[in-house]
>>> print(open('work-v5.txt').read())   # compact mmCIF, C-alpha atoms and all ligand atoms
# COMPACT_ATOMS: atom_id res chain seq x y z
CA MET Q 1 -71.93 39.32 -6.69
CA LYS Q 2 -71.79 38.55 -10.33
CA LYS Q 3 -70.92 35.09 -11.44
CA LYS Q 4 -73.10 34.20 -14.38
CA THR Q 5 -72.24 30.79 -15.75
CA LEU Q 6 -74.22 27.59 -15.43
CA ILE Q 7 -76.33 29.08 -12.69
CA LEU Q 8 -77.89 31.52 -15.13
CA ALA Q 9 -79.33 28.75 -17.28
CA LEU Q 10 -80.48 26.83 -14.25
CA ALA Q 11 -82.19 29.79 -12.62
CA ALA Q 12 -83.88 30.73 -15.89
CA ALA Q 13 -85.18 27.19 -16.29
CA VAL Q 14 -86.55 27.24 -12.77
CA LEU Q 15 -88.20 30.61 -13.28
CA CYS Q 16 -89.75 29.84 -16.64
CA GLY Q 17 -90.69 26.25 -16.01
CA LEU Q 18 -92.51 26.42 -12.71
CA THR Q 19 -95.72 28.23 -12.00
CA GLY Q 20 -97.06 26.25 -9.07
CA THR Q 21 -98.32 27.80 -5.85
CA HIS Q 22 -95.88 25.90 -3.69
CA ALA Q 23 -93.47 27.65 -1.38
CA ILE Q 24 -90.29 28.42 -3.32
CA ALA Q 25 -87.10 27.34 -1.61
CA ALA Q 26 -84.42 29.99 -1.35
CA SER Q 27 -81.61 29.61 -3.88
CA THR Q 28 -77.99 29.22 -2.90
CA ASP Q 29 -75.53 31.75 -4.27
CA PRO Q 30 -72.18 29.88 -4.36
CA ASP Q 31 -70.34 33.16 -3.75
CA ILE Q 32 -72.29 33.67 -0.52
CA SER Q 33 -71.55 30.10 0.58
CA THR Q 34 -67.85 30.78 -0.03
CA LEU Q 35 -68.01 34.03 1.91
CA LEU Q 36 -69.62 32.28 4.89
CA SER Q 37 -66.96 29.59 4.90
CA GLU Q 38 -64.34 32.34 5.16
CA VAL Q 39 -65.68 33.51 8.54
CA SER Q 40 -63.04 32.42 11.04
CA LYS Q 41 -63.74 31.35 14.61
CA GLU Q 42 -60.11 32.08 15.49
CA ASN Q 43 -60.49 35.67 14.30
CA VAL Q 44 -63.70 36.09 16.29
CA GLU Q 45 -61.92 34.81 19.40
CA LYS Q 46 -59.03 37.24 18.89
CA ILE Q 47 -61.38 40.21 18.48
CA LEU Q 48 -63.40 39.30 21.59
CA LYS Q 49 -60.27 38.92 23.72
CA LYS Q 50 -58.83 42.18 22.45
CA MET Q 51 -62.07 44.04 23.22
CA GLU Q 52 -62.06 42.57 26.73
CA SER Q 53 -58.48 43.76 27.23
CA PHE Q 54 -59.53 47.44 27.25
CA HIS Q 55 -60.75 46.91 30.86
CA THR Q 56 -63.65 49.28 30.27
CA ARG Q 57 -65.18 50.94 27.22
CA HIS Q 58 -67.51 53.13 29.22
CA THR Q 59 -68.42 56.22 27.21
CA MET Q 60 -67.01 58.47 29.93
CA SER Q 61 -63.91 56.42 30.74
CA SER Q 62 -60.66 58.39 30.82
CA ASP Q 63 -58.15 58.40 27.97
CA GLN Q 64 -55.37 55.94 28.78
CA GLU Q 65 -53.01 53.84 26.78
CA ASN Q 66 -54.71 50.52 25.90
CA ILE Q 67 -57.55 51.21 28.36
CA GLY Q 68 -60.90 52.91 27.91
CA ILE Q 69 -63.26 54.01 25.16
CA LYS Q 70 -60.81 56.16 23.16
CA ALA Q 71 -58.16 53.45 22.97
CA SER Q 72 -60.78 50.93 21.82
CA ALA Q 73 -62.13 53.33 19.15
CA GLU Q 74 -58.63 53.88 17.79
CA TRP Q 75 -57.97 50.15 17.73
CA LEU Q 76 -61.21 49.52 15.82
CA LEU Q 77 -60.36 52.24 13.32
CA ALA Q 78 -56.93 50.70 12.70
CA GLU Q 79 -58.42 47.21 12.36
CA PHE Q 80 -60.95 48.34 9.74
CA LYS Q 81 -58.18 50.23 7.91
CA GLY Q 82 -56.06 47.09 7.93
CA LEU Q 83 -58.74 45.20 5.98
CA GLY Q 84 -57.75 46.67 2.64
CA THR Q 85 -58.28 49.67 0.43
CA ARG Q 86 -61.79 48.78 -0.78
CA LEU Q 87 -63.19 49.79 2.60
CA GLN Q 88 -63.58 53.52 3.21
CA VAL Q 89 -62.90 53.94 6.91
CA GLU Q 90 -63.62 57.03 9.02
CA MET Q 91 -64.36 58.23 12.52
CA ASP Q 92 -67.80 59.88 12.74
CA THR Q 93 -67.23 62.22 15.68
CA TYR Q 94 -69.51 64.44 17.80
CA GLU Q 95 -68.66 66.68 20.77
CA LEU Q 96 -71.43 66.75 23.39
CA PRO Q 97 -72.02 68.92 26.47
CA PRO Q 98 -73.24 67.23 29.69
CA GLN Q 99 -76.94 66.36 29.43
CA GLY Q 100 -79.49 63.99 30.94
CA ARG Q 101 -79.07 61.51 33.76
CA ARG Q 102 -76.43 59.32 32.13
CA MET Q 103 -74.18 61.92 30.47
CA ARG Q 104 -72.79 63.89 33.36
CA GLN Q 105 -69.68 65.31 31.74
CA PRO Q 106 -68.67 66.69 28.31
CA MET Q 107 -67.81 63.85 25.99
CA THR Q 108 -66.69 62.87 22.52
CA MET Q 109 -68.79 60.31 20.65
CA ARG Q 110 -66.78 58.41 18.07
CA ASN Q 111 -68.65 56.06 15.74
CA VAL Q 112 -66.23 53.92 13.75
CA VAL Q 113 -67.51 53.56 10.18
CA ALA Q 114 -66.33 51.31 7.32
CA THR Q 115 -68.09 51.62 3.97
CA LEU Q 116 -67.86 49.02 1.20
CA PRO Q 117 -69.12 50.81 -1.93
CA GLY Q 118 -71.45 48.80 -4.17
CA ARG Q 119 -71.44 48.59 -7.97
CA HIS Q 120 -74.54 50.77 -8.18
CA THR Q 121 -73.91 54.44 -7.52
CA GLY Q 122 -75.78 57.73 -7.88
CA GLU Q 123 -79.55 57.35 -8.05
CA GLN Q 124 -79.26 53.57 -8.19
CA GLU Q 125 -77.28 53.38 -4.95
CA ARG Q 126 -78.82 51.33 -2.17
CA ILE Q 127 -77.31 51.20 1.32
CA PHE Q 128 -77.53 48.42 3.87
CA MET Q 129 -76.07 48.96 7.33
CA LEU Q 130 -74.76 46.44 9.84
CA HIS Q 131 -74.01 47.83 13.27
CA ALA Q 132 -73.17 47.01 16.86
CA HIS Q 133 -72.01 49.10 19.83
CA TYR Q 134 -68.49 49.03 21.19
CA ASP Q 135 -69.09 50.96 24.41
CA SER Q 136 -69.64 48.95 27.58
CA TYR Q 137 -71.23 49.38 30.98
CA ALA Q 138 -71.13 47.48 34.27
CA ARG Q 139 -73.06 48.14 37.43
CA PRO Q 140 -70.95 48.71 40.56
CA VAL Q 141 -69.98 45.43 42.22
CA ASP Q 142 -70.85 46.74 45.67
CA LYS Q 143 -71.72 49.98 47.38
CA ASP Q 144 -68.04 50.84 47.83
CA TRP Q 145 -67.53 51.16 44.08
CA PRO Q 146 -67.62 54.88 43.31
CA ARG Q 147 -70.60 55.55 41.04
CA ASP Q 148 -68.80 58.31 39.18
CA ASN Q 149 -65.65 56.34 38.48
CA PHE Q 150 -66.11 55.47 34.83
CA ASP Q 151 -62.84 53.54 34.76
CA ASN Q 152 -64.29 50.63 36.75
CA LEU Q 153 -64.08 47.21 35.12
CA ALA Q 154 -66.72 46.80 32.41
CA PRO Q 155 -65.62 43.98 30.05
CA GLY Q 156 -68.78 44.00 27.88
CA VAL Q 157 -67.74 40.96 25.86
CA ASN Q 158 -71.16 39.62 24.91
CA ASP Q 159 -72.69 43.12 25.23
CA ASP Q 160 -71.61 44.02 22.68
CA SER Q 161 -68.14 42.94 21.60
CA SER Q 162 -69.95 39.94 20.09
CA GLY Q 163 -71.67 42.32 17.66
CA VAL Q 164 -68.41 44.19 17.05
CA ALA Q 165 -66.66 40.90 16.23
CA ALA Q 166 -69.35 40.30 13.59
CA LEU Q 167 -68.67 43.75 12.09
CA LEU Q 168 -64.92 43.25 11.82
CA GLU Q 169 -65.05 39.67 10.62
CA LEU Q 170 -67.82 40.28 8.07
CA ALA Q 171 -66.14 43.48 6.83
CA ARG Q 172 -63.02 41.38 6.26
CA VAL Q 173 -64.74 38.66 4.23
CA PHE Q 174 -67.14 41.05 2.42
CA SER Q 175 -64.28 43.24 1.20
CA ASP Q 176 -63.06 40.36 -1.01
CA HIS Q 177 -66.39 40.30 -2.88
CA GLU Q 178 -68.32 42.76 -4.99
CA PHE Q 179 -71.96 43.62 -4.33
CA ASP Q 180 -74.65 45.62 -6.11
CA ALA Q 181 -75.50 47.60 -2.97
CA THR Q 182 -73.26 49.58 -0.64
CA VAL Q 183 -72.70 48.08 2.79
CA ILE Q 184 -71.83 50.24 5.80
CA PHE Q 185 -70.40 48.63 8.93
CA VAL Q 186 -70.64 50.82 12.05
CA ALA Q 187 -69.37 50.35 15.59
CA PHE Q 188 -71.48 52.80 17.59
CA ALA Q 189 -70.47 54.75 20.66
CA GLY Q 190 -72.79 55.72 23.49
CA GLU Q 191 -75.39 52.96 23.24
CA GLU Q 192 -75.33 52.35 26.97
CA VAL Q 193 -75.92 56.01 27.78
CA GLY Q 194 -79.00 56.37 25.56
CA LEU Q 195 -78.40 55.11 21.95
CA VAL Q 196 -76.44 58.33 21.46
CA GLY Q 197 -74.01 57.45 18.65
CA SER Q 198 -76.69 55.78 16.53
CA THR Q 199 -79.21 58.58 17.11
CA LEU Q 200 -76.69 61.22 16.01
CA MET Q 201 -75.60 59.28 12.93
CA ALA Q 202 -79.16 58.41 11.85
CA ALA Q 203 -80.15 62.09 12.08
CA ARG Q 204 -77.06 63.15 10.12
CA LEU Q 205 -77.70 60.63 7.31
CA LYS Q 206 -81.32 61.77 7.13
CA GLU Q 207 -80.24 65.40 6.91
CA GLU Q 208 -77.78 64.52 4.14
CA GLY Q 209 -80.66 62.98 2.15
CA LYS Q 210 -79.26 59.46 2.32
CA ASN Q 211 -81.60 56.56 1.79
CA ILE Q 212 -80.97 53.48 3.91
CA SER Q 213 -82.63 50.39 2.42
CA GLY Q 214 -82.24 48.44 5.63
CA ASN Q 215 -80.26 48.26 8.83
CA ILE Q 216 -79.40 45.32 11.03
CA GLY Q 217 -78.43 45.91 14.64
CA LEU Q 218 -76.47 43.20 16.47
CA ASP Q 219 -76.49 43.38 20.23
CA MET Q 220 -75.52 40.30 22.27
CA ILE Q 221 -75.18 37.36 19.90
CA GLY Q 222 -72.97 34.99 21.92
CA ASN Q 223 -74.68 33.74 25.09
CA ILE Q 224 -76.30 30.29 25.18
CA GLU Q 225 -76.90 29.95 28.93
CA GLY Q 226 -80.00 31.76 30.08
CA GLY Q 227 -80.03 33.13 33.62
CA ASN Q 228 -83.06 30.88 34.22
CA GLY Q 229 -81.03 27.74 33.46
CA VAL Q 230 -82.20 27.31 29.86
CA PHE Q 231 -79.47 26.37 27.38
CA ASP Q 232 -80.08 27.15 23.73
CA ASN Q 233 -77.48 27.12 20.99
CA ARG Q 234 -79.90 26.76 18.07
CA ARG Q 235 -82.20 29.75 18.14
CA MET Q 236 -81.59 33.38 17.27
CA ARG Q 237 -84.19 36.11 17.75
CA VAL Q 238 -85.07 38.88 15.32
CA PHE Q 239 -87.02 41.88 16.62
CA SER Q 240 -88.91 44.16 14.24
CA ALA Q 241 -91.29 47.05 14.70
CA GLY Q 242 -94.83 46.71 13.34
CA PRO Q 243 -97.34 47.09 11.89
CA MET Q 244 -97.64 43.64 10.33
CA ASP Q 245 -96.30 44.59 6.88
CA SER Q 246 -93.95 47.42 7.84
CA PRO Q 247 -90.62 47.57 5.98
CA SER Q 248 -88.91 46.42 9.20
CA ARG Q 249 -91.13 43.34 9.42
CA SER Q 250 -90.50 42.49 5.77
CA LEU Q 251 -86.78 42.71 6.51
CA ALA Q 252 -87.23 40.41 9.53
CA ARG Q 253 -89.05 37.77 7.45
CA TYR Q 254 -86.24 38.04 4.90
CA ALA Q 255 -83.65 37.41 7.64
CA LYS Q 256 -85.47 34.25 8.72
CA ARG Q 257 -85.87 32.88 5.20
CA VAL Q 258 -82.28 33.51 4.14
CA GLY Q 259 -80.58 32.74 7.46
CA GLU Q 260 -82.30 29.36 7.85
CA HIS Q 261 -81.53 28.53 4.22
CA TYR Q 262 -77.77 29.09 4.49
CA LEU Q 263 -77.50 27.78 8.08
CA PRO Q 264 -80.02 24.92 8.16
CA SER Q 265 -79.20 24.04 11.78
CA ALA Q 266 -80.41 27.45 12.91
CA GLU Q 267 -83.86 28.40 14.09
CA ILE Q 268 -84.65 32.04 13.64
CA ASP Q 269 -87.55 33.26 15.75
CA LEU Q 270 -89.29 36.38 14.61
CA ILE Q 271 -90.47 38.50 17.51
CA TYR Q 272 -93.14 40.89 16.29
CA ARG Q 273 -92.04 43.69 18.56
CA ALA Q 274 -89.58 46.58 18.03
CA ASP Q 275 -87.22 45.36 20.74
CA ARG Q 276 -87.26 43.57 24.07
CA PHE Q 277 -89.96 44.79 26.44
CA GLY Q 278 -89.11 48.31 27.62
CA ARG Q 279 -85.54 48.09 26.31
CA GLY Q 280 -83.71 49.69 23.40
CA GLY Q 281 -81.17 49.09 20.66
CA ASP Q 282 -79.30 51.00 17.96
CA HIS Q 283 -81.64 49.89 15.15
CA THR Q 284 -84.44 51.98 16.63
CA PRO Q 285 -83.08 55.49 15.81
CA PHE Q 286 -82.97 54.40 12.14
CA VAL Q 287 -86.52 53.04 12.29
CA LEU Q 288 -87.61 56.36 13.82
CA GLU Q 289 -86.08 58.14 10.80
CA GLY Q 290 -88.38 56.04 8.60
CA TRP Q 291 -86.00 53.26 7.52
CA ALA Q 292 -86.36 49.50 7.87
CA GLY Q 293 -84.45 48.10 10.82
CA ILE Q 294 -84.19 44.89 12.82
CA ARG Q 295 -82.31 43.67 15.88
CA MET Q 296 -80.73 40.22 15.69
CA MET Q 297 -79.64 38.62 18.96
CA GLU Q 298 -79.22 35.49 21.06
CA ALA Q 299 -82.22 33.43 22.17
CA ASN Q 300 -81.62 33.55 25.93
CA GLU Q 301 -80.30 36.36 28.06
CA ASN Q 302 -78.41 36.05 31.30
CA TYR Q 303 -78.90 39.15 33.43
CA SER Q 304 -76.15 38.17 35.86
CA ARG Q 305 -73.71 38.52 32.94
CA GLN Q 306 -75.28 41.62 31.44
CA HIS Q 307 -73.98 45.05 32.49
CA THR Q 308 -71.84 43.28 35.08
CA VAL Q 309 -68.18 42.36 35.52
CA ASN Q 310 -69.21 38.80 34.56
CA ASP Q 311 -69.75 39.72 30.90
CA THR Q 312 -66.49 38.01 29.97
CA PHE Q 313 -65.09 35.88 27.16
CA ALA Q 314 -65.12 32.88 29.49
CA ASN Q 315 -68.89 33.23 29.87
CA MET Q 316 -69.58 33.29 26.14
CA ASP Q 317 -70.04 30.53 23.60
CA LEU Q 318 -67.61 31.03 20.73
CA ASP Q 319 -69.19 28.42 18.41
CA TYR Q 320 -72.65 29.93 18.80
CA CYS Q 321 -71.32 33.45 18.29
CA THR Q 322 -69.46 32.41 15.13
CA ARG Q 323 -72.49 30.59 13.75
CA ASN Q 324 -74.64 33.67 14.40
CA ILE Q 325 -72.08 35.81 12.56
CA ARG Q 326 -72.51 33.46 9.57
CA ILE Q 327 -76.30 33.81 9.77
CA VAL Q 328 -76.01 37.58 9.77
CA GLY Q 329 -73.46 37.39 6.95
CA SER Q 330 -75.85 35.35 4.79
CA VAL Q 331 -78.65 37.89 5.30
CA LEU Q 332 -76.46 40.92 4.64
CA ALA Q 333 -74.76 39.40 1.58
CA SER Q 334 -78.11 38.36 0.08
CA LEU Q 335 -79.55 41.82 0.60
CA ALA Q 336 -76.52 43.45 -1.00
CA ALA Q 337 -76.40 41.02 -3.93
CA ALA Q 338 -80.13 40.92 -4.69
CA PRO Q 339 -82.07 43.29 -6.96
CA PRO Q 340 -83.92 46.19 -5.29
CA ALA Q 341 -87.34 45.41 -3.86
CA PRO Q 342 -90.07 46.45 -6.35
CA SER Q 343 -92.19 49.45 -5.48
CA VAL Q 344 -95.87 48.52 -5.32
CA THR Q 345 -97.34 52.01 -5.21
CA SER Q 346 -97.99 54.51 -7.99
CA ASP Q 347 -96.25 57.89 -8.29
CA ARG Q 348 -99.19 59.31 -6.37
CA GLY Q 349 -98.74 56.80 -3.57
CA ARG Q 350 -101.69 54.55 -4.49
CA THR Q 351 -101.38 50.82 -3.80
CA LEU Q 352 -101.19 48.97 -7.13
CA LEU Q 353 -103.58 46.20 -6.10
CA GLY Q 354 -107.09 45.81 -7.55
CA ARG Q 355 -109.89 43.33 -8.19
CA GLY Q 356 -109.24 43.02 -11.92
CA GLY Q 357 -112.75 44.25 -12.61
CA GLY Q 358 -114.25 41.37 -10.66
CA TYR Q 359 -113.24 38.90 -8.00
CA ASP Q 360 -109.57 38.35 -8.82
CA ALA Q 361 -106.37 39.67 -7.28
CA ALA Q 362 -104.78 41.97 -9.86
CA LEU Q 363 -101.25 43.03 -8.88
CA ARG Q 364 -99.07 45.57 -10.62
CA TRP Q 365 -95.62 46.84 -9.66
CA ASN Q 366 -92.92 49.14 -10.95
CA PRO Q 367 -89.99 47.47 -12.74
CA VAL Q 368 -86.68 47.44 -10.87
CA VAL Q 369 -83.37 48.55 -12.38
CA CYS Q 370 -81.11 45.48 -12.34
CA ASP Q 371 -78.74 44.27 -15.06
CA ASP Q 372 -79.12 40.58 -14.23
CA LEU Q 373 -82.80 40.48 -13.37
CA ALA Q 374 -84.45 37.10 -13.92
CA GLY Q 375 -87.99 38.09 -12.95
CA TYR Q 376 -90.46 38.53 -10.14
CA ILE Q 377 -92.14 36.34 -7.56
CA VAL Q 378 -95.65 37.01 -6.23
CA HIS Q 379 -96.45 35.99 -2.65
CA TRP Q 380 -99.65 35.86 -0.63
CA ARG Q 381 -100.98 34.72 2.72
CA ARG Q 382 -104.06 34.94 4.89
CA THR Q 383 -104.36 38.17 6.86
CA THR Q 384 -103.93 36.20 10.10
CA SER Q 385 -100.79 34.39 8.97
CA PRO Q 386 -97.44 35.70 10.20
CA HIS Q 387 -95.55 34.20 7.23
CA TRP Q 388 -96.02 34.16 3.46
CA GLU Q 389 -97.91 30.99 2.50
CA LYS Q 390 -98.04 30.85 -1.30
CA THR Q 391 -95.67 31.95 -4.01
CA ILE Q 392 -95.71 31.95 -7.77
CA GLN Q 393 -92.89 32.80 -10.17
CA VAL Q 394 -94.27 35.07 -12.83
CA GLY Q 395 -91.24 35.84 -15.03
CA ASN Q 396 -90.05 39.26 -16.13
CA VAL Q 397 -93.40 41.07 -16.17
CA THR Q 398 -94.86 43.92 -14.13
CA GLU Q 399 -98.35 42.60 -13.48
CA HIS Q 400 -100.02 39.37 -12.53
CA THR Q 401 -103.61 38.35 -11.84
CA ILE Q 402 -104.53 35.51 -9.51
CA PRO Q 403 -108.04 34.38 -10.50
CA ASN Q 404 -110.72 33.98 -7.86
CA VAL Q 405 -108.57 35.07 -4.95
CA THR Q 406 -110.20 37.94 -3.13
CA ILE Q 407 -107.96 40.83 -2.15
CA ASP Q 408 -110.10 41.34 0.96
CA GLU Q 409 -108.92 38.16 2.64
CA TYR Q 410 -105.25 37.95 1.73
CA VAL Q 411 -102.08 40.01 1.96
CA PHE Q 412 -100.04 40.17 -1.26
CA GLY Q 413 -96.43 40.95 -1.97
CA VAL Q 414 -93.88 40.86 -4.78
CA SER Q 415 -90.11 40.38 -4.86
CA ALA Q 416 -87.47 40.59 -7.59
CA VAL Q 417 -84.95 37.82 -8.24
CA ASP Q 418 -81.68 37.84 -10.18
CA THR Q 419 -80.21 35.15 -12.42
CA THR Q 420 -78.18 33.74 -9.51
CA GLY Q 421 -81.36 33.32 -7.48
CA ASN Q 422 -80.75 36.17 -5.03
CA GLN Q 423 -84.15 37.50 -4.06
CA SER Q 424 -85.07 40.97 -2.82
CA VAL Q 425 -87.08 41.73 0.29
CA ILE Q 426 -90.79 41.24 -0.40
CA SER Q 427 -92.71 44.48 -0.93
CA ALA Q 428 -96.18 44.07 0.59
CA TYR Q 429 -99.32 45.75 -0.72
CA VAL Q 430 -100.51 47.64 2.32
CA MET Q 431 -104.18 48.53 2.73
CA PRO Q 432 -104.52 52.31 2.45
CA PRO Q 433 -105.43 53.91 5.78
CA ARG Q 434 -108.77 55.72 6.06
CA THR Q 435 -108.78 59.17 7.49
CA LYS Q 436 -111.44 60.67 9.70
CA ARG Q 437 -113.97 62.82 7.89
CA VAL Q 438 -115.85 65.78 9.28
CA TYR Q 439 -119.25 66.71 7.76
CA GLU Q 440 -120.99 70.01 8.06
CA VAL Q 441 -124.28 69.90 9.89
CA LYS Q 442 -126.88 72.67 9.85
CA LYS Q 443 -127.14 74.33 13.18
ZN ZN K 1 -75.94 46.21 24.24
>>> encode(input="work-v5.txt", output="structure tokens")
Amino acid sequence: MKKKTLILALAAAVLCGLTGTHAIAASTDPDISTLLSEVSKENVEKILKKMESFHTRHTMSSDQENIGIKASAEWLLAEFKGLGTRLQVEMDTYELPPQGRRMRQPMTMRNVVATLPGRHTGEQERIFMLHAHYDSYARPVDKDWPRDNFDNLAPGVNDDSSGVAALLELARVFSDHEFDATVIFVAFAGEEVGLVGSTLMAARLKEEGKNISGNIGLDMIGNIEGGNGVFDNRRMRVFSAGPMDSPSRSLARYAKRVGEHYLPSAEIDLIYRADRFGRGGDHTPFVLEGWAGIRMMEANENYSRQHTVNDTFANMDLDYCTRNIRIVGSVLASLAAAPPAPSVTSDRGRTLLGRGGGYDAALRWNPVVCDDLAGYIVHWRRTTSPHWEKTIQVGNVTEHTIPNVTIDEYVFGVSAVDTTGNQSVISAYVMPPRTKRVYEVKK
């Protein structure tokens, strides 16, 4: 997003003028605010009702007109294609033989993919992915329901048409704007039978040498009524795999900072765990390939409406779902508009953090390639703190020393910021691991 007018002067003044160790408020990019205002509740409602109309989207449902997984995949493909020529839309298809407990017949996995190319291509290309799953599953209502009839009713509106609605609606509003980074929207198949579509696509992208800067999985973002009677239409949860300063966790902290800035009524809870206890999501195959990934979802689950025939539009909260789509949109747009995150390791993989020859914190980083870079921000916090505590704007330099702050007791990080105020994810200086040594001993 490139609109450099008054904001440029303002951002430069802020960056040059302030060097305090206060927390720096996130900046508002007016283009992102506009984009968020374009998200339409009416569109979200239409998408959710259409997804429900397929009766089932079970991965092994039979091919019928307007019913089943294939009809829903074709509808999604046509919807993405209808959003304009800037989106490159394709079906990412895999033929699979029967395997495992949940895939008892040959099947076709169709991931529906829409790519919005960024301004930066070639070596400078960065890719952010937003995904959800469009397949559904419902447990049999009673023992008379045939277990092997995959055409049984499985509306799957919250799980996960809510995420699919976010994909379609955000792809629509994003395609009117231009970003530095490439954004890929994917509706995955086969999540309910073992994260199959996402696992296959993640492996393919890895094999093709693609580099994914971050991926956000949306799975169930529209329920406010917990099965335990708790109502909550404020909070959203973000799951991220550790350790404490993993790329996924940095992405999660970014989501909280940006989401709560653009949607001040929201509370974004970071859950320092890869996913819900013992359960899975489509972000995980990407994390397992070595890329940053988070899962964003509702605060309270209702198991009586999950994987049941009660997962209907009537049991969802449209306002909450739409607000969550705006939160996700703010995070994704900021990531795609911001400069790349600075690398804080040398070519040989050494952490660029030292004691400055004494008792100071001496940070260095590699410059980022960005045509509207304003400068860098240094962050630090106690090792026990889950969130960054102190920040200092240091201008367009590639090193900074904080006097009399010991590197043993704090975690440090650095981010890049552009002239509009869009900030990158914070790159943390991670303590190098020690490896076990073996010494020879005379026998
Ligand atoms: Zn799901």
>>> atom_distance(input="work-v5.txt", atom1="atom CA of Q:Tyr94", atom2="atom CA of Q:Gly194")
14.7 Å
>>> closest_atom_pairs(input="work-v5.txt", of="chain Q", to="ligand ZN 1 (chain K)", cutoff="8 Å", atoms="only C-alpha atoms and all ligand atoms", output="JSON lines")
{"residue": "Q:Ala132", "atom": "CA", "partner": "K:ZN1", "partner_atom": "ZN", "distance": 7.9}
{"residue": "Q:His133", "atom": "CA", "partner": "K:ZN1", "partner_atom": "ZN", "distance": 6.6}
{"residue": "Q:Ser136", "atom": "CA", "partner": "K:ZN1", "partner_atom": "ZN", "distance": 7.6}
{"residue": "Q:Asp159", "atom": "CA", "partner": "K:ZN1", "partner_atom": "ZN", "distance": 4.6}
{"residue": "Q:Asp160", "atom": "CA", "partner": "K:ZN1", "partner_atom": "ZN", "distance": 5.1}
{"residue": "Q:Glu191", "atom": "CA", "partner": "K:ZN1", "partner_atom": "ZN", "distance": 6.8}
{"residue": "Q:Glu192", "atom": "CA", "partner": "K:ZN1", "partner_atom": "ZN", "distance": 6.7}
{"residue": "Q:Asp219", "atom": "CA", "partner": "K:ZN1", "partner_atom": "ZN", "distance": 4.9}
{"residue": "Q:Met220", "atom": "CA", "partner": "K:ZN1", "partner_atom": "ZN", "distance": 6.2}
{"residue": "Q:Gly281", "atom": "CA", "partner": "K:ZN1", "partner_atom": "ZN", "distance": 7.0}
>>> axis_aligned_box(input="work-v5.txt", around="stretch 410-427 of chain Q", padding_each_side="6 Å", output="lines of an AutoDock Vina configuration file")
center_x = -91.7
center_y = 38.9
center_z = -5.2
size_x = 39.1
size_y = 23.2
size_z = 26.4
>>> atom_distance(input="work-v5.txt", atom1="atom CA of Q:Asp176", atom2="atom CA of Q:Leu83")
9.5 Å
>>> residues_near_point(input="work-v5.txt", point="(-73.0, 30.4, 18.9)", cutoff="10 Å", atoms="all atoms listed in the file", output="CSV table (one decimal) with C-alpha atoms, in the frame of the given file")
chain,number,residue,atom,x,y,z
Q,221,ILE,CA,-75.2,37.4,19.9
Q,222,GLY,CA,-73.0,35.0,21.9
Q,223,ASN,CA,-74.7,33.7,25.1
Q,224,ILE,CA,-76.3,30.3,25.2
Q,232,ASP,CA,-80.1,27.2,23.7
Q,233,ASN,CA,-77.5,27.1,21.0
Q,234,ARG,CA,-79.9,26.8,18.1
Q,235,ARG,CA,-82.2,29.8,18.1
Q,236,MET,CA,-81.6,33.4,17.3
Q,266,ALA,CA,-80.4,27.4,12.9
Q,298,GLU,CA,-79.2,35.5,21.1
Q,316,MET,CA,-69.6,33.3,26.1
Q,317,ASP,CA,-70.0,30.5,23.6
Q,318,LEU,CA,-67.6,31.0,20.7
Q,319,ASP,CA,-69.2,28.4,18.4
Q,320,TYR,CA,-72.6,29.9,18.8
Q,321,CYS,CA,-71.3,33.4,18.3
Q,322,THR,CA,-69.5,32.4,15.1
Q,323,ARG,CA,-72.5,30.6,13.8
Q,324,ASN,CA,-74.6,33.7,14.4
Q,325,ILE,CA,-72.1,35.8,12.6
Q,326,ARG,CA,-72.5,33.5,9.6
>>> atom_distance(input="work-v5.txt", atom1="atom CA of Q:Lys390", atom2="atom CA of Q:Phe239")
23.8 Å
>>> residues_around(input="work-v5.txt", residues="Q:Val430", least_positions_apart="4", cutoff="8 Å", atoms="all atoms listed in the file", output="PDB file with C-alpha atoms, keeping the file's coordinate frame")
ATOM      1  CA  ASP Q 245     -96.300  44.590   6.880  1.00  0.00           C
ATOM      2  CA  THR Q 351    -101.380  50.820  -3.800  1.00  0.00           C
ATOM      3  CA  VAL Q 411    -102.080  40.010   1.960  1.00  0.00           C
TER       4      VAL Q 411
END
>>> residues_around(input="work-v5.txt", residues="Q:Asn43", least_positions_apart="2", cutoff="10 Å", atoms="only C-alpha atoms", output="ChimeraX atom specification")
/Q:39-41,45-49,165,168-169,322
